[in-house]
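These notes concern the structure reproduced below.
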Amino acid sequence: MATYIILSTLTDEGRKTLKHNPERMFEVNRELEKMGVKVKEQFATLGPYDFVNIVEAPDNETILKMSVELGARGSVHMLSLAAIPAGELANKLHPGAVHHG
């Protein structure tokens, strides 16, 4: 499973939905699991993004499908980033070296 960081911003419609039904964000997480995307961590944030999610999925295509499906609802804008653990990157740059983290 690959790791992805999903940065999302609610639209006006999404904010209304969340205000009236805060449980909706957890319902969406269950929908994502049915799409093959597992939410590992979820944070509400201040700043340009309303939420930061750390998710796992089998491939980029699964994340693309999730993005199109959720984006088509009109309640959220998302930026999806593939995340490579720093230790993996270090091993690719210098195979055999010992890296921490």
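The way I read the labels, and the way they are meant: chains A, B, ... in the order of the structure tokens, residue 1 as the first residue of every chain, and ligand 1 as the first ligand shown, with later ones counted on from there.
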
Gly96 in chain A: which residues within 12 Å, counting only C-alpha atoms, same-chain residues fewer than 6 positions away excluded, as a PDB file with N, CA and C atoms, in the first residue's frame?
```pdb
ATOM      1  N   GLY A  87      13.076   7.503   4.816  1.00  0.00           N
ATOM      2  CA  GLY A  87      14.027   6.383   4.846  1.00  0.00           C
ATOM      3  C   GLY A  87      14.081   5.648   3.521  1.00  0.00           C
ATOM      4  N   GLU A  88      12.917   5.482   2.878  1.00  0.00           N
ATOM      5  CA  GLU A  88      12.882   4.827   1.559  1.00  0.00           C
ATOM      6  C   GLU A  88      13.649   5.653   0.532  1.00  0.00           C
ATOM      7  N   ALA A  90      16.064   7.796   1.107  1.00  0.00           N
ATOM      8  CA  ALA A  90      17.485   7.714   1.423  1.00  0.00           C
ATOM      9  C   ALA A  90      18.080   6.394   0.934  1.00  0.00           C
TER      10      ALA A  90
END
```

Helix (DSSP H, G or I) per DSSP on the backbone: members of chain A, as an NGL selection string: :A and (12-20 or 24-35 or 60-71 or 86-93)

Residues as selected, N, CA and C atoms, written as a CSV table (one decimal), in the first residue's frame, can you do that?
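See result_17.csv below for the written result:
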```csv
chain,number,residue,atom,x,y,z
A,12,ASP,N,-18.6,26.2,0.1
A,12,ASP,CA,-19.7,26.7,0.9
A,12,ASP,C,-20.7,25.6,1.2
A,13,GLU,N,-21.0,24.8,0.2
A,13,GLU,CA,-21.9,23.6,0.4
A,13,GLU,C,-21.4,22.6,1.4
A,14,GLY,N,-20.1,22.3,1.3
A,14,GLY,CA,-19.4,21.4,2.2
A,14,GLY,C,-19.4,21.9,3.7
A,15,ARG,N,-19.2,23.2,3.9
A,15,ARG,CA,-19.3,23.8,5.2
A,15,ARG,C,-20.7,23.7,5.8
A,16,LYS,N,-21.7,24.0,5.0
A,16,LYS,CA,-23.1,23.8,5.5
A,16,LYS,C,-23.4,22.4,5.9
A,17,THR,N,-22.9,21.5,5.1
A,17,THR,CA,-23.1,20.1,5.4
A,17,THR,C,-22.5,19.7,6.7
A,18,LEU,N,-21.2,20.1,6.9
A,18,LEU,CA,-20.5,19.8,8.1
A,18,LEU,C,-21.1,20.4,9.3
A,19,LYS,N,-21.6,21.6,9.2
A,19,LYS,CA,-22.2,22.3,10.3
A,19,LYS,C,-23.4,21.6,10.8
A,20,HIS,N,-24.2,21.2,9.8
A,20,HIS,CA,-25.5,20.5,10.2
A,20,HIS,C,-25.3,19.0,10.5
A,24,ARG,N,-20.8,13.6,9.2
A,24,ARG,CA,-20.6,13.3,7.7
A,24,ARG,C,-19.2,13.0,7.4
A,25,MET,N,-18.2,13.7,8.1
A,25,MET,CA,-16.8,13.4,7.7
A,25,MET,C,-16.4,12.0,8.0
A,26,PHE,N,-17.0,11.4,9.0
A,26,PHE,CA,-16.7,10.0,9.3
A,26,PHE,C,-17.4,9.0,8.3
A,27,GLU,N,-18.6,9.5,7.9
A,27,GLU,CA,-19.3,8.7,6.9
A,27,GLU,C,-18.5,8.6,5.6
A,28,VAL,N,-17.9,9.8,5.2
A,28,VAL,CA,-17.1,9.8,4.0
A,28,VAL,C,-15.9,8.9,4.2
A,29,ASN,N,-15.3,8.8,5.4
A,29,ASN,CA,-14.2,7.9,5.6
A,29,ASN,C,-14.6,6.5,5.3
A,30,ARG,N,-15.8,6.1,5.7
A,30,ARG,CA,-16.3,4.7,5.5
A,30,ARG,C,-16.5,4.5,4.0
A,31,GLU,N,-16.9,5.5,3.3
A,31,GLU,CA,-17.1,5.4,1.8
A,31,GLU,C,-15.7,5.2,1.1
A,32,LEU,N,-14.7,6.0,1.6
A,32,LEU,CA,-13.4,5.8,1.1
A,32,LEU,C,-12.9,4.4,1.2
A,33,GLU,N,-13.1,3.8,2.4
A,33,GLU,CA,-12.7,2.4,2.6
A,33,GLU,C,-13.3,1.5,1.5
A,34,LYS,N,-14.5,1.7,1.2
A,34,LYS,CA,-15.2,0.9,0.1
A,34,LYS,C,-14.5,1.1,-1.2
A,35,MET,N,-13.9,2.3,-1.4
A,35,MET,CA,-13.2,2.6,-2.7
A,35,MET,C,-11.7,2.0,-2.6
A,60,ASN,N,-2.0,4.9,-7.6
A,60,ASN,CA,-2.5,6.3,-7.9
A,60,ASN,C,-3.9,6.3,-8.5
A,61,GLU,N,-4.2,5.3,-9.3
A,61,GLU,CA,-5.5,5.2,-9.9
A,61,GLU,C,-6.6,5.2,-8.9
A,62,THR,N,-6.4,4.5,-7.8
A,62,THR,CA,-7.4,4.5,-6.7
A,62,THR,C,-7.6,5.9,-6.1
A,63,ILE,N,-6.5,6.6,-5.9
A,63,ILE,CA,-6.6,8.0,-5.4
A,63,ILE,C,-7.3,8.9,-6.4
A,64,LEU,N,-7.0,8.7,-7.7
A,64,LEU,CA,-7.6,9.5,-8.7
A,64,LEU,C,-9.1,9.3,-8.7
A,65,LYS,N,-9.5,8.0,-8.6
A,65,LYS,CA,-11.0,7.7,-8.6
A,65,LYS,C,-11.6,8.4,-7.4
A,66,MET,N,-11.0,8.3,-6.2
A,66,MET,CA,-11.5,9.0,-5.0
A,66,MET,C,-11.6,10.5,-5.2
A,67,SER,N,-10.6,11.1,-5.8
A,67,SER,CA,-10.6,12.5,-6.0
A,67,SER,C,-11.8,12.9,-7.0
A,68,VAL,N,-12.0,12.2,-8.0
A,68,VAL,CA,-13.1,12.5,-9.0
A,68,VAL,C,-14.4,12.3,-8.3
A,69,GLU,N,-14.6,11.2,-7.6
A,69,GLU,CA,-15.8,10.9,-7.0
A,69,GLU,C,-16.2,12.0,-5.9
A,70,LEU,N,-15.3,12.3,-5.1
A,70,LEU,CA,-15.6,13.3,-4.0
A,70,LEU,C,-15.7,14.7,-4.6
A,71,GLY,N,-14.8,15.0,-5.6
A,71,GLY,CA,-14.9,16.4,-6.2
A,71,GLY,C,-16.2,16.6,-7.0
A,86,ALA,N,10.9,9.1,4.2
A,86,ALA,CA,12.2,9.6,4.0
A,86,ALA,C,13.3,8.5,4.0
A,87,GLY,N,13.1,7.5,4.8
A,87,GLY,CA,14.0,6.4,4.8
A,87,GLY,C,14.1,5.6,3.5
A,88,GLU,N,12.9,5.5,2.9
A,88,GLU,CA,12.9,4.8,1.6
A,88,GLU,C,13.6,5.7,0.5
A,89,LEU,N,13.4,7.0,0.6
A,89,LEU,CA,14.1,7.8,-0.4
A,89,LEU,C,15.7,7.7,-0.1
A,90,ALA,N,16.1,7.8,1.1
A,90,ALA,CA,17.5,7.7,1.4
A,90,ALA,C,18.1,6.4,0.9
A,91,ASN,N,17.3,5.3,1.1
A,91,ASN,CA,17.8,4.0,0.6
A,91,ASN,C,17.9,3.9,-0.9
A,92,LYS,N,17.0,4.6,-1.6
A,92,LYS,CA,17.1,4.6,-3.0
A,92,LYS,C,18.3,5.5,-3.5
A,93,LEU,N,18.6,6.5,-2.8
A,93,LEU,CA,19.7,7.4,-3.1
A,93,LEU,C,21.1,6.7,-2.7
```

Selected residue, from A:Ser75, A:Asn21, A:Ser80, A:Thr45, that lies nearest to Tyr4 in chain A when counting only C-alpha atoms: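 Answer, going by the shortest atom-to-atom distance: A:Ser80.
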
Point-to-point distance in Å for CA of Asp50 in chain A and CA of Ala2 in chain A: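 We find that CA of Ala2 in chain A and CA of Asp50 in chain A lie 23.2 Å from each other.
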
CA of Tyr49 in chain A to CA of Ala83 in chain A, distance in Å rounded to a single decimal: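 Between CA of Tyr49 in chain A and CA of Ala83 in chain A the gap is 17.7 Å.
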
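Here CA of Lys40 in chain A is placed at a distance of 28.8 Å from CA of Ala97 in chain A.
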
Counting only C-alpha atoms, the residue of A:Val39, A:Met1, A:Ile84, A:Ala72 that sits nearest Val52 in chain A: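 Looking only at the distances to Val52 in chain A, the closest residue turns out to be A:Val39.
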
Per-residue DSSP, chain A, filtered to strand (DSSP E), as a PyMOL selection string: chain A and resi 2-10+38-44+51-57+76-83

For Ile54 in chain A, the nearest of the candidates A:Glu23, A:Leu10, A:Leu81, A:Gly74, counting only C-alpha atoms: A:Leu81

Of the listed residues A:Gly36, A:Leu79, A:Pro85, A:Arg73, that which approaches Thr11 in chain A most closely, counting only C-alpha atoms: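 The closest residue to Thr11 in chain A is A:Arg73.
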
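With only C-alpha atoms as the basis for measurement, A:Ser8 is the residue among A:Ser8, A:Thr3, A:Pro58, A:His94 that approaches Phe43 in chain A most closely.
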